[in-house]
file my_file05.cif (mmCIF, C-alpha atoms)
data_start
#
loop_
_atom_site.group_PDB
_atom_site.id
_atom_site.type_symbol
_atom_site.label_atom_id
_atom_site.label_comp_id
_atom_site.auth_asym_id
_atom_site.auth_seq_id
_atom_site.Cartn_x
_atom_site.Cartn_y
_atom_site.Cartn_z
ATOM 1 C CA MET C 1092 139.156 64.093 71.978
ATOM 2 C CA ASP C 1093 139.690 66.957 69.546
ATOM 3 C CA ASN C 1094 142.313 69.673 69.913
ATOM 4 C CA HIS C 1095 139.880 72.141 71.498
ATOM 5 C CA GLU C 1096 138.796 69.665 74.153
ATOM 6 C CA PHE C 1097 142.387 68.712 74.814
ATOM 7 C CA GLU C 1098 143.303 72.390 75.229
ATOM 8 C CA GLN C 1099 140.436 72.909 77.659
ATOM 9 C CA LEU C 1100 141.582 69.904 79.686
ATOM 10 C CA HIS C 1101 145.094 71.338 79.725
ATOM 11 C CA TRP C 1102 143.773 74.651 81.036
ATOM 12 C CA LEU C 1103 141.724 72.949 83.736
ATOM 13 C CA THR C 1104 144.758 70.948 84.830
ATOM 14 C CA GLN C 1105 146.786 74.129 85.193
ATOM 15 C CA LEU C 1106 144.010 75.798 87.178
ATOM 16 C CA LEU C 1107 143.640 72.756 89.387
ATOM 17 C CA GLN C 1108 147.332 72.779 90.262
ATOM 18 C CA GLY C 1109 147.709 76.530 90.672
ATOM 19 C CA ILE C 1110 144.506 77.520 92.433
ATOM 20 C CA GLU C 1111 144.886 78.865 95.987
ATOM 21 C CA VAL C 1112 142.570 76.188 97.353
ATOM 22 C CA GLY C 1113 143.513 72.728 98.518
ATOM 23 C CA LEU C 1114 142.032 69.857 96.465
ATOM 24 C CA VAL C 1115 142.237 66.241 97.579
ATOM 25 C CA VAL C 1116 140.316 63.426 95.910
ATOM 26 C CA ILE C 1117 140.019 60.051 97.643
ATOM 27 C CA ASP C 1118 138.245 56.828 96.738
ATOM 28 C CA ARG C 1119 135.969 54.723 98.926
ATOM 29 C CA ASP C 1120 139.031 53.114 100.505
ATOM 30 C CA TYR C 1121 140.366 56.584 101.388
ATOM 31 C CA LYS C 1122 143.280 56.282 98.986
ATOM 32 C CA VAL C 1123 144.497 59.575 97.556
ATOM 33 C CA LYS C 1124 143.770 60.029 93.849
ATOM 34 C CA LEU C 1125 144.461 63.755 93.533
ATOM 35 C CA TRP C 1126 146.747 66.057 95.512
ATOM 36 C CA ASN C 1127 147.034 69.506 94.001
ATOM 37 C CA GLY C 1128 149.742 72.163 94.174
ATOM 38 C CA PHE C 1129 148.243 73.932 97.170
ATOM 39 C CA MET C 1130 148.429 70.706 99.177
ATOM 40 C CA GLU C 1131 152.000 70.069 97.986
ATOM 41 C CA ASN C 1132 153.126 73.576 98.969
ATOM 42 C CA HIS C 1133 151.622 73.585 102.450
ATOM 43 C CA SER C 1134 152.212 69.959 103.424
ATOM 44 C CA GLY C 1135 155.683 69.629 101.929
ATOM 45 C CA VAL C 1136 154.538 66.323 100.413
ATOM 46 C CA LEU C 1137 154.676 65.940 96.634
ATOM 47 C CA SER C 1138 151.777 64.451 94.727
ATOM 48 C CA ASN C 1139 153.827 61.446 93.584
ATOM 49 C CA ASP C 1140 154.629 60.620 97.208
ATOM 50 C CA VAL C 1141 151.012 60.474 98.357
ATOM 51 C CA LEU C 1142 148.997 59.141 95.403
ATOM 52 C CA GLU C 1143 147.485 55.688 95.958
ATOM 53 C CA GLN C 1144 148.316 55.845 99.657
ATOM 54 C CA SER C 1145 145.760 55.791 102.439
ATOM 55 C CA LEU C 1146 145.055 59.360 103.504
ATOM 56 C CA PHE C 1147 144.900 58.384 107.174
ATOM 57 C CA GLU C 1148 148.036 56.238 107.115
ATOM 58 C CA ARG C 1149 149.998 58.944 105.319
ATOM 59 C CA PHE C 1150 148.726 61.680 107.650
ATOM 60 C CA PRO C 1151 148.070 60.042 111.045
ATOM 61 C CA GLU C 1152 147.642 63.465 112.686
ATOM 62 C CA LEU C 1153 144.311 63.934 110.879
ATOM 63 C CA PRO C 1154 141.177 63.826 113.098
ATOM 64 C CA GLN C 1155 140.338 60.380 111.719
ATOM 65 C CA GLN C 1156 137.075 59.544 113.481
ATOM 66 C CA TRP C 1157 135.640 62.987 112.920
ATOM 67 C CA LEU C 1158 136.658 63.110 109.264
ATOM 68 C CA LEU C 1159 135.470 59.550 108.612
ATOM 69 C CA SER C 1160 132.003 60.447 109.878
ATOM 70 C CA LYS C 1161 131.938 63.428 107.520
ATOM 71 C CA LEU C 1162 133.092 61.343 104.553
ATOM 72 C CA GLU C 1163 130.691 58.490 105.222
ATOM 73 C CA SER C 1164 127.802 60.957 105.453
ATOM 74 C CA ALA C 1165 128.785 62.422 102.086
ATOM 75 C CA PHE C 1166 129.018 58.966 100.512
ATOM 76 C CA LEU C 1167 125.767 57.763 102.055
ATOM 77 C CA LEU C 1168 123.630 60.859 101.533
ATOM 78 C CA GLU C 1169 125.258 61.789 98.214
ATOM 79 C CA SER C 1170 125.377 65.419 99.248
ATOM 80 C CA ARG C 1171 128.134 67.841 100.042
ATOM 81 C CA SER C 1172 128.961 68.852 103.589
ATOM 82 C CA PHE C 1173 130.754 71.818 105.064
ATOM 83 C CA THR C 1174 132.878 72.559 108.112
ATOM 84 C CA VAL C 1175 134.071 75.952 109.334
ATOM 85 C CA TRP C 1176 137.065 76.948 111.413
ATOM 86 C CA GLU C 1177 134.878 77.989 114.369
ATOM 87 C CA GLN C 1178 133.892 74.322 114.766
ATOM 88 C CA ARG C 1179 137.364 72.917 114.140
ATOM 89 C CA PRO C 1180 140.202 75.382 113.459
ATOM 90 C CA TRP C 1181 141.942 73.120 110.942
ATOM 91 C CA VAL C 1182 141.713 69.700 109.328
ATOM 92 C CA PHE C 1183 145.230 69.510 107.902
ATOM 93 C CA SER C 1184 147.854 70.786 110.343
ATOM 94 C CA PHE C 1185 149.568 73.323 108.091
ATOM 95 C CA ALA C 1186 151.736 76.183 109.297
ATOM 96 C CA ASN C 1187 150.243 79.612 108.759
ATOM 97 C CA SER C 1188 152.291 81.166 105.971
ATOM 98 C CA ARG C 1189 150.597 84.572 105.732
ATOM 99 C CA PRO C 1190 152.674 87.308 107.425
ATOM 100 C CA ILE C 1191 149.638 89.533 107.947
ATOM 101 C CA THR C 1192 148.183 86.909 110.279
ATOM 102 C CA GLY C 1193 151.387 86.155 112.120
ATOM 103 C CA GLY C 1194 149.427 85.788 115.347
ATOM 104 C CA LEU C 1195 148.132 82.392 114.221
ATOM 105 C CA GLU C 1196 150.556 79.497 114.343
ATOM 106 C CA LYS C 1197 148.388 77.191 112.232
ATOM 107 C CA MET C 1198 146.475 77.824 109.021
ATOM 108 C CA HIS C 1199 142.788 78.063 109.864
ATOM 109 C CA GLN C 1200 140.601 76.253 107.362
ATOM 110 C CA ASN C 1201 137.082 75.842 106.097
ATOM 111 C CA MET C 1202 136.395 72.606 104.247
ATOM 112 C CA THR C 1203 133.851 71.314 101.758
ATOM 113 C CA ILE C 1204 133.408 67.597 101.095
ATOM 114 C CA GLN C 1205 131.974 66.973 97.643
ATOM 115 C CA PRO C 1206 130.924 63.432 96.668
ATOM 116 C CA LEU C 1207 131.946 62.546 93.075
ATOM 117 C CA LYS C 1208 130.196 60.151 90.676
ATOM 118 C CA ASN C 1209 131.892 57.846 88.222
ATOM 119 C CA SER C 1210 130.823 57.401 84.609
ATOM 120 C CA ASN C 1211 128.121 54.957 85.754
ATOM 121 C CA GLY C 1212 126.505 57.560 87.979
ATOM 122 C CA ASN C 1213 127.627 55.944 91.231
ATOM 123 C CA ILE C 1214 129.379 57.768 94.064
ATOM 124 C CA SER C 1215 132.918 56.457 93.903
ATOM 125 C CA HIS C 1216 135.116 59.283 95.217
ATOM 126 C CA ALA C 1217 135.005 62.362 97.390
ATOM 127 C CA ALA C 1218 136.773 65.679 97.001
ATOM 128 C CA LEU C 1219 138.064 67.558 100.031
ATOM 129 C CA VAL C 1220 138.232 71.265 99.238
ATOM 130 C CA ILE C 1221 140.402 73.157 101.756
ATOM 131 C CA TYR C 1222 140.108 76.945 102.047
ATOM 132 C CA ASP C 1223 142.717 79.015 103.868
ATOM 133 C CA VAL C 1224 140.665 81.424 106.010
ATOM 134 C CA SER C 1225 143.465 82.478 108.371
ATOM 135 C CA VAL C 1226 143.010 86.174 107.595
ATOM 136 C CA GLN C 1227 139.272 86.057 108.265
ATOM 137 C CA ALA C 1228 139.811 83.974 111.416
ATOM 138 C CA GLN C 1229 142.424 86.378 112.777
ATOM 139 C CA ASP C 1230 140.188 89.370 112.059
ATOM 140 C CA ARG C 1231 137.252 87.674 113.789
ATOM 141 C CA MET C 1232 139.394 86.791 116.809
ATOM 142 C CA LYS C 1233 140.689 90.353 117.076
ATOM 143 C CA LEU C 1234 137.172 91.742 116.840
ATOM 144 C CA THR C 1235 135.899 89.313 119.467
ATOM 145 C CA SER C 1236 138.826 90.144 121.739
ATOM 146 C CA ALA C 1237 138.228 93.874 121.278
ATOM 147 C CA ASN C 1238 134.532 93.486 122.022
ATOM 148 C CA ASP C 1239 135.304 91.435 125.126
ATOM 149 C CA ARG C 1240 137.762 94.093 126.257
ATOM 150 C CA LEU C 1241 135.227 96.867 125.681
ATOM 151 C CA GLU C 1242 132.630 94.902 127.609
ATOM 152 C CA GLN C 1243 135.088 94.467 130.465
ATOM 153 C CA LEU C 1244 136.008 98.157 130.430
ATOM 154 C CA SER C 1245 132.345 99.108 130.506
ATOM 155 C CA GLN C 1246 132.023 97.227 133.810
ATOM 156 C CA VAL C 1247 135.223 98.331 135.562
ATOM 157 C CA ASP C 1248 136.302 101.525 137.274
ATOM 158 C CA GLY C 1249 139.359 102.787 135.425
ATOM 159 C CA LEU C 1250 141.276 103.975 138.488
ATOM 160 C CA THR C 1251 140.765 101.213 141.056
ATOM 161 C CA GLY C 1252 139.974 98.220 138.832
ATOM 162 C CA LEU C 1253 136.847 97.573 140.878
ATOM 163 C CA THR C 1254 133.402 97.023 139.453
ATOM 164 C CA ASN C 1255 131.916 100.358 138.402
ATOM 165 C CA ARG C 1256 128.616 101.847 139.493
ATOM 166 C CA ARG C 1257 126.672 100.805 136.410
ATOM 167 C CA GLN C 1258 127.657 97.152 136.685
ATOM 168 C CA TRP C 1259 127.254 97.111 140.456
ATOM 169 C CA GLU C 1260 123.681 98.382 140.193
ATOM 170 C CA SER C 1261 122.951 95.549 137.791
ATOM 171 C CA LEU C 1262 124.436 93.040 140.257
ATOM 172 C CA LEU C 1263 122.505 94.619 143.109
ATOM 173 C CA GLU C 1264 119.241 94.199 141.230
ATOM 174 C CA ARG C 1265 120.081 90.543 140.576
ATOM 175 C CA GLU C 1266 120.945 89.949 144.244
ATOM 176 C CA PHE C 1267 117.766 91.707 145.388
ATOM 177 C CA HIS C 1268 115.591 89.450 143.247
ATOM 178 C CA ARG C 1269 117.519 86.357 144.353
ATOM 179 C CA CYS C 1270 117.007 87.223 148.016
ATOM 180 C CA SER C 1271 113.337 88.044 147.434
ATOM 181 C CA ARG C 1272 112.667 84.787 145.641
ATOM 182 C CA TYR C 1273 114.636 82.383 147.813
ATOM 183 C CA ASP C 1274 114.466 84.230 151.141
ATOM 184 C CA GLN C 1275 118.250 84.542 151.283
ATOM 185 C CA SER C 1276 120.241 86.635 153.732
ATOM 186 C CA SER C 1277 122.552 89.208 152.173
ATOM 187 C CA SER C 1278 123.746 92.629 153.284
ATOM 188 C CA LEU C 1279 124.863 95.929 151.795
ATOM 189 C CA VAL C 1280 127.752 98.015 153.052
ATOM 190 C CA VAL C 1281 128.268 101.609 151.925
ATOM 191 C CA LEU C 1282 131.461 103.338 153.007
ATOM 192 C CA ASP C 1283 133.005 106.722 152.418
ATOM 193 C CA ILE C 1284 136.486 108.123 153.124
ATOM 194 C CA ASP C 1285 136.242 110.781 155.813
ATOM 195 C CA ASN C 1286 137.370 114.306 154.886
ATOM 196 C CA PHE C 1287 138.638 113.116 151.524
ATOM 197 C CA LYS C 1288 138.269 116.592 150.047
ATOM 198 C CA LEU C 1289 140.974 117.785 152.428
ATOM 199 C CA VAL C 1290 143.312 115.071 151.105
ATOM 200 C CA ASN C 1291 142.823 116.327 147.558
ATOM 201 C CA ASP C 1292 143.041 119.990 148.540
ATOM 202 C CA GLN C 1293 146.100 119.690 150.782
ATOM 203 C CA ARG C 1294 148.056 116.828 149.169
ATOM 204 C CA GLY C 1295 146.837 116.946 145.566
ATOM 205 C CA HIS C 1296 144.686 114.689 143.410
ATOM 206 C CA ALA C 1297 147.584 112.338 142.622
ATOM 207 C CA VAL C 1298 147.831 111.489 146.325
ATOM 208 C CA GLY C 1299 144.041 111.237 146.479
ATOM 209 C CA ASP C 1300 144.120 108.691 143.673
ATOM 210 C CA LYS C 1301 146.743 106.640 145.532
ATOM 211 C CA VAL C 1302 144.504 106.597 148.590
ATOM 212 C CA LEU C 1303 141.547 105.393 146.511
ATOM 213 C CA VAL C 1304 143.616 102.624 144.914
ATOM 214 C CA GLY C 1305 145.116 101.596 148.248
ATOM 215 C CA LEU C 1306 141.706 101.440 149.901
ATOM 216 C CA ALA C 1307 140.306 99.440 146.987
ATOM 217 C CA ASN C 1308 143.116 96.880 147.357
ATOM 218 C CA LEU C 1309 142.557 96.665 151.099
ATOM 219 C CA LEU C 1310 138.832 96.073 150.641
ATOM 220 C CA LYS C 1311 139.475 93.335 148.093
ATOM 221 C CA SER C 1312 141.789 91.585 150.546
ATOM 222 C CA CYS C 1313 139.075 91.632 153.217
ATOM 223 C CA LEU C 1314 136.305 90.123 151.113
ATOM 224 C CA ARG C 1315 135.380 86.750 149.638
ATOM 225 C CA LYS C 1316 135.278 86.083 145.919
ATOM 226 C CA SER C 1317 131.500 85.751 146.143
ATOM 227 C CA ASP C 1318 131.160 89.318 147.432
ATOM 228 C CA CYS C 1319 130.973 92.262 145.070
ATOM 229 C CA ILE C 1320 132.752 95.531 145.740
ATOM 230 C CA ALA C 1321 132.473 98.614 143.558
ATOM 231 C CA ARG C 1322 133.534 102.205 143.450
ATOM 232 C CA TYR C 1323 130.201 103.984 143.469
ATOM 233 C CA GLY C 1324 131.613 107.409 142.792
ATOM 234 C CA GLY C 1325 134.249 109.775 144.154
ATOM 235 C CA GLU C 1326 135.396 108.382 147.513
ATOM 236 C CA GLU C 1327 132.320 106.218 148.082
ATOM 237 C CA PHE C 1328 132.468 102.420 147.864
ATOM 238 C CA VAL C 1329 129.671 99.868 147.991
ATOM 239 C CA ILE C 1330 129.758 96.169 148.848
ATOM 240 C CA ILE C 1331 127.266 93.337 148.367
ATOM 241 C CA LEU C 1332 127.910 90.656 150.998
ATOM 242 C CA THR C 1333 126.168 87.560 149.683
ATOM 243 C CA GLU C 1334 124.806 84.949 152.085
ATOM 244 C CA THR C 1335 125.683 87.266 154.969
ATOM 245 C CA SER C 1336 123.399 88.139 157.855
ATOM 246 C CA PRO C 1337 123.270 91.689 159.281
ATOM 247 C CA VAL C 1338 125.198 90.526 162.359
ATOM 248 C CA GLN C 1339 127.943 88.991 160.212
ATOM 249 C CA ALA C 1340 127.990 92.098 158.017
ATOM 250 C CA GLN C 1341 128.377 94.311 161.071
ATOM 251 C CA LEU C 1342 131.385 92.318 162.256
ATOM 252 C CA LEU C 1343 133.032 92.485 158.826
ATOM 253 C CA ALA C 1344 132.301 96.189 158.401
ATOM 254 C CA GLU C 1345 133.771 96.939 161.827
ATOM 255 C CA ARG C 1346 136.886 94.954 160.931
ATOM 256 C CA ILE C 1347 137.211 96.999 157.726
ATOM 257 C CA ARG C 1348 136.842 100.239 159.690
ATOM 258 C CA GLU C 1349 139.530 99.224 162.170
ATOM 259 C CA THR C 1350 141.899 98.009 159.448
ATOM 260 C CA VAL C 1351 141.590 101.275 157.513
ATOM 261 C CA GLU C 1352 142.147 103.275 160.702
ATOM 262 C CA GLN C 1353 145.409 101.419 161.329
ATOM 263 C CA MET C 1354 146.576 101.602 157.724
ATOM 264 C CA VAL C 1355 149.423 103.991 156.869
ATOM 265 C CA PHE C 1356 149.798 105.038 153.243
ATOM 266 C CA ASP C 1357 153.419 104.948 152.129
ATOM 267 C CA LEU C 1358 153.641 108.586 151.091
ATOM 268 C CA GLN C 1359 155.850 111.514 151.969
ATOM 269 C CA PRO C 1360 154.811 112.505 154.523
ATOM 270 C CA PRO C 1361 152.879 109.337 155.505
ATOM 271 C CA LEU C 1362 149.114 109.591 155.444
ATOM 272 C CA LYS C 1363 146.303 107.980 157.400
ATOM 273 C CA VAL C 1364 142.562 108.110 156.693
ATOM 274 C CA THR C 1365 139.379 106.801 158.270
ATOM 275 C CA VAL C 1366 136.092 105.651 156.810
ATOM 276 C CA SER C 1367 132.449 105.848 157.810
ATOM 277 C CA LEU C 1368 130.120 102.975 157.011
ATOM 278 C CA GLY C 1369 126.448 102.144 156.746
ATOM 279 C CA VAL C 1370 125.114 98.570 156.753
ATOM 280 C CA CYS C 1371 121.684 97.289 155.775
ATOM 281 C CA GLY C 1372 120.670 93.636 155.684
ATOM 282 C CA PHE C 1373 118.079 92.400 153.223
ATOM 283 C CA ARG C 1374 114.537 92.176 154.557
ATOM 284 C CA LYS C 1375 111.237 91.164 153.005
ATOM 285 C CA VAL C 1376 109.650 94.595 153.446
ATOM 286 C CA LEU C 1377 112.083 96.120 150.939
ATOM 287 C CA THR C 1378 110.316 96.941 147.690
ATOM 288 C CA SER C 1379 113.276 97.603 145.356
ATOM 289 C CA PRO C 1380 117.078 97.493 145.083
ATOM 290 C CA LYS C 1381 117.026 101.284 145.151
ATOM 291 C CA GLN C 1382 115.307 101.312 148.541
ATOM 292 C CA TRP C 1383 117.813 98.779 149.889
ATOM 293 C CA PHE C 1384 120.725 100.968 148.787
ATOM 294 C CA GLU C 1385 119.107 104.161 150.081
ATOM 295 C CA LEU C 1386 118.738 102.674 153.557
ATOM 296 C CA ALA C 1387 122.410 101.688 153.645
ATOM 297 C CA ASP C 1388 123.374 105.122 152.305
ATOM 298 C CA GLN C 1389 121.302 106.853 154.971
ATOM 299 C CA ALA C 1390 123.078 104.774 157.602
ATOM 300 C CA LEU C 1391 126.403 105.940 156.162
ATOM 301 C CA TYR C 1392 125.453 109.599 156.461
ATOM 302 C CA ARG C 1393 124.265 109.025 160.006
ATOM 303 C CA SER C 1394 127.787 107.799 160.738
ATOM 304 C CA LYS C 1395 129.145 110.969 159.121
ATOM 305 C CA ASN C 1396 126.846 113.229 161.101
ATOM 306 C CA GLU C 1397 127.651 111.499 164.388
ATOM 307 C CA GLY C 1398 131.375 112.116 164.157
ATOM 308 C CA ARG C 1399 132.785 109.940 161.344
ATOM 309 C CA ASN C 1400 135.041 106.868 161.639
ATOM 310 C CA ARG C 1401 132.130 104.780 162.794
ATOM 311 C CA LEU C 1402 129.560 102.233 161.667
ATOM 312 C CA THR C 1403 125.772 102.511 161.630
ATOM 313 C CA MET C 1404 123.348 99.608 161.184
ATOM 314 C CA VAL C 1405 119.771 99.906 159.925
#

call {"tool": "encode", "arguments": {"input": "my_file05.cif", "output": "structure tokens"}}
result
Amino acid sequence: MDNHEFEQLHWLTQLLQGIEVGLVVIDRDYKVKLWNGFMENHSGVLSNDVLEQSLFERFPELPQQWLLSKLESAFLLESRSFTVWEQRPWVFSFANSRPITGGLEKMHQNMTIQPLKNSNGNISHAALVIYDVSVQAQDRMKLTSANDRLEQLSQVDGLTGLTNRRQWESLLEREFHRCSRYDQSSSLVVLDIDNFKLVNDQRGHAVGDKVLVGLANLLKSCLRKSDCIARYGGEEFVIILTETSPVQAQLLAERIRETVEQMVFDLQPPLKVTVSLGVCGFRKVLTSPKQWFELADQALYRSKNEGRNRLTMV
């Protein structure tokens, strides 16, 4: 080896030890032959303390069966393989040392397994190349969380926490088609707070909001998890009662009416309200979710026109 080649080898050795990528070389018996500076820094184990030792005996916390299958595939097929943090967050359990991604306890890693040939052209070793992708992983998680939150917000009424009108209409369409296809029995309830404008005009919108929130909580306490309740708009609420016959829906709606009538809002001075309701059970002659809702809504306004604080069935 001449001086130039020796100098190049010296440079490569420095790069190998200083590069911000983990490099581990093992032989066919899984004994460690190379352990670079990145691995020393993040494992706390010096190269001299791990060389010639079995990788799996030295690091029993490694996912042995999973990693063995990856290594054997690389040896057998003589081709590199890749893993990403979405499949397995980390291979080596290293603490996350980057302050910018302090939300992650462990370093998230991508890994490449590269089979290596000896001077005879035979696969004799494999290199594990470990990439710290904690920053990218944290950014992806934040983006996913933000998107999930936006999706949730797009489906929820901001004041009451109930399903909003847009999402409820989607659920109504789904329930309509389910009932049409399987001849199921479900019912719609539409209810409206009586004289709610007077509450806002005489007591203020802050009190009106408290009434809406209180009624929403009461309705949630009266219903099953399988039912869907939404704030349709203003002081109007809508409910899908799944697997509920018109007779059962009438009984539940009447119980809601009576409970609201007896409810006293803890305000100064105390406040009581009533509600009017319309109920419509699913029937085969219905042609659309819109028609189903319109029938229940018409029943509601019949209750309003006939004196309020009552229930009308159609």

call {"tool": "residues_around", "arguments": {"input": "my_file05.cif", "residues": "Gln1246 (chain C)", "least_positions_apart": "4", "cutoff": "8 Å", "atoms": "all atoms listed in the file", "output": "list in words"}}
result
Glu1242, Thr1254, Asn1255, Arg1257 and Gln1258 of chain C

call {"tool": "closest_residue", "arguments": {"input": "my_file05.cif", "among": "C:Ser1210, C:Thr1403, C:Thr1335, C:Gln1178", "to": "Leu1391 (chain C)", "atoms": "all atoms listed in the file"}}
result
C:Thr1403

call {"tool": "residues_around", "arguments": {"input": "my_file05.cif", "residues": "Leu1162 (chain C)", "least_positions_apart": "3", "cutoff": "8 Å", "atoms": "only C-alpha atoms", "output": "NGL selection string"}}
result
:C and (1158-1159 or 1165-1166 or 1204 or 1217)

call {"tool": "residues_around", "arguments": {"input": "my_file05.cif", "residues": "Asn1400 (chain C)", "least_positions_apart": "5", "cutoff": "7 Å", "atoms": "only C-alpha atoms", "output": "PyMOL selection string"}}
result
chain C and resi 1365-1367

call {"tool": "residues_around", "arguments": {"input": "my_file05.cif", "residues": "Lys1311 (chain C)", "least_positions_apart": "2", "cutoff": "12 Å", "atoms": "all atoms listed in the file", "output": "PDB file with C-alpha atoms, in the coordinates of the input"}}
result
ATOM      1  CA  THR C1251     140.765 101.213 141.056  1.00  0.00           C
ATOM      2  CA  GLY C1252     139.974  98.220 138.832  1.00  0.00           C
ATOM      3  CA  LEU C1253     136.847  97.573 140.878  1.00  0.00           C
ATOM      4  CA  THR C1254     133.402  97.023 139.453  1.00  0.00           C
ATOM      5  CA  VAL C1304     143.616 102.624 144.914  1.00  0.00           C
ATOM      6  CA  GLY C1305     145.116 101.596 148.248  1.00  0.00           C
ATOM      7  CA  LEU C1306     141.706 101.440 149.901  1.00  0.00           C
ATOM      8  CA  ALA C1307     140.306  99.440 146.987  1.00  0.00           C
ATOM      9  CA  ASN C1308     143.116  96.880 147.357  1.00  0.00           C
ATOM     10  CA  LEU C1309     142.557  96.665 151.099  1.00  0.00           C
ATOM     11  CA  CYS C1313     139.075  91.632 153.217  1.00  0.00           C
ATOM     12  CA  LEU C1314     136.305  90.123 151.113  1.00  0.00           C
ATOM     13  CA  ARG C1315     135.380  86.750 149.638  1.00  0.00           C
ATOM     14  CA  LYS C1316     135.278  86.083 145.919  1.00  0.00           C
ATOM     15  CA  SER C1317     131.500  85.751 146.143  1.00  0.00           C
ATOM     16  CA  ASP C1318     131.160  89.318 147.432  1.00  0.00           C
ATOM     17  CA  CYS C1319     130.973  92.262 145.070  1.00  0.00           C
ATOM     18  CA  ILE C1320     132.752  95.531 145.740  1.00  0.00           C
ATOM     19  CA  ALA C1321     132.473  98.614 143.558  1.00  0.00           C
ATOM     20  CA  ARG C1322     133.534 102.205 143.450  1.00  0.00           C
ATOM     21  CA  PHE C1328     132.468 102.420 147.864  1.00  0.00           C
ATOM     22  CA  VAL C1329     129.671  99.868 147.991  1.00  0.00           C
ATOM     23  CA  ILE C1330     129.758  96.169 148.848  1.00  0.00           C
ATOM     24  CA  ILE C1347     137.211  96.999 157.726  1.00  0.00           C
TER      25      ILE C1347
END

call {"tool": "resolve_selection", "arguments": {"input": "my_file05.cif", "expression": "the PyMOL selection byres ((chain C and resi 1112) around 10)", "output": "MDAnalysis selection string"}}
result
chainID C and resid 1107:1111 1113:1115 1127:1130 1202 1220:1223

call {"tool": "atom_distance", "arguments": {"input": "my_file05.cif", "atom1": "CA of Tyr1121 (chain C)", "atom2": "CA of Ser1145 (chain C)"}}
result
5.6 Å

call {"tool": "axis_aligned_box", "arguments": {"input": "my_file05.cif", "around": "region 1143-1154 of chain C", "padding_each_side": "3 Å", "output": "lines of an AutoDock Vina configuration file"}}
result
center_x = 145.6
center_y = 59.8
center_z = 104.5
size_x = 14.8
size_y = 14.2
size_z = 23.1

call {"tool": "atom_distance", "arguments": {"input": "my_file05.cif", "atom1": "CA of Met1232 (chain C)", "atom2": "CA of Ser1172 (chain C)"}}
result
24.6 Å

call {"tool": "resolve_selection", "arguments": {"input": "my_file05.cif", "expression": "the PyMOL selection byres ((chain C and resi 1331) around 12)", "output": "mmCIF file with C-alpha atoms, in the coordinates of the input"}}
result
data_model
loop_
_atom_site.group_PDB
_atom_site.id
_atom_site.type_symbol
_atom_site.label_atom_id
_atom_site.label_comp_id
_atom_site.auth_asym_id
_atom_site.auth_seq_id
_atom_site.Cartn_x
_atom_site.Cartn_y
_atom_site.Cartn_z
ATOM 1 C CA THR C 1254 133.402 97.023 139.453
ATOM 2 C CA TRP C 1259 127.254 97.111 140.456
ATOM 3 C CA GLU C 1260 123.681 98.382 140.193
ATOM 4 C CA SER C 1261 122.951 95.549 137.791
ATOM 5 C CA LEU C 1262 124.436 93.040 140.257
ATOM 6 C CA LEU C 1263 122.505 94.619 143.109
ATOM 7 C CA GLU C 1264 119.241 94.199 141.230
ATOM 8 C CA ARG C 1265 120.081 90.543 140.576
ATOM 9 C CA GLU C 1266 120.945 89.949 144.244
ATOM 10 C CA PHE C 1267 117.766 91.707 145.388
ATOM 11 C CA CYS C 1270 117.007 87.223 148.016
ATOM 12 C CA SER C 1276 120.241 86.635 153.732
ATOM 13 C CA SER C 1277 122.552 89.208 152.173
ATOM 14 C CA SER C 1278 123.746 92.629 153.284
ATOM 15 C CA LEU C 1279 124.863 95.929 151.795
ATOM 16 C CA VAL C 1280 127.752 98.015 153.052
ATOM 17 C CA VAL C 1281 128.268 101.609 151.925
ATOM 18 C CA LEU C 1282 131.461 103.338 153.007
ATOM 19 C CA LEU C 1314 136.305 90.123 151.113
ATOM 20 C CA ARG C 1315 135.380 86.750 149.638
ATOM 21 C CA LYS C 1316 135.278 86.083 145.919
ATOM 22 C CA SER C 1317 131.500 85.751 146.143
ATOM 23 C CA ASP C 1318 131.160 89.318 147.432
ATOM 24 C CA CYS C 1319 130.973 92.262 145.070
ATOM 25 C CA ILE C 1320 132.752 95.531 145.740
ATOM 26 C CA ALA C 1321 132.473 98.614 143.558
ATOM 27 C CA ARG C 1322 133.534 102.205 143.450
ATOM 28 C CA PHE C 1328 132.468 102.420 147.864
ATOM 29 C CA VAL C 1329 129.671 99.868 147.991
ATOM 30 C CA ILE C 1330 129.758 96.169 148.848
ATOM 31 C CA LEU C 1332 127.910 90.656 150.998
ATOM 32 C CA THR C 1333 126.168 87.560 149.683
ATOM 33 C CA GLU C 1334 124.806 84.949 152.085
ATOM 34 C CA THR C 1335 125.683 87.266 154.969
ATOM 35 C CA SER C 1336 123.399 88.139 157.855
ATOM 36 C CA PRO C 1337 123.270 91.689 159.281
ATOM 37 C CA ALA C 1340 127.990 92.098 158.017
ATOM 38 C CA LEU C 1343 133.032 92.485 158.826
ATOM 39 C CA ALA C 1344 132.301 96.189 158.401
ATOM 40 C CA VAL C 1370 125.114 98.570 156.753
ATOM 41 C CA CYS C 1371 121.684 97.289 155.775
ATOM 42 C CA GLY C 1372 120.670 93.636 155.684
ATOM 43 C CA PHE C 1373 118.079 92.400 153.223
ATOM 44 C CA PRO C 1380 117.078 97.493 145.083
ATOM 45 C CA TRP C 1383 117.813 98.779 149.889
ATOM 46 C CA PHE C 1384 120.725 100.968 148.787
ATOM 47 C CA ALA C 1387 122.410 101.688 153.645
#

call {"tool": "closest_residue", "arguments": {"input": "my_file05.cif", "among": "C:Leu1250, C:Leu1195, C:Leu1310, C:Val1376", "to": "Val1226 (chain C)", "atoms": "all atoms listed in the file"}}
result
C:Leu1195
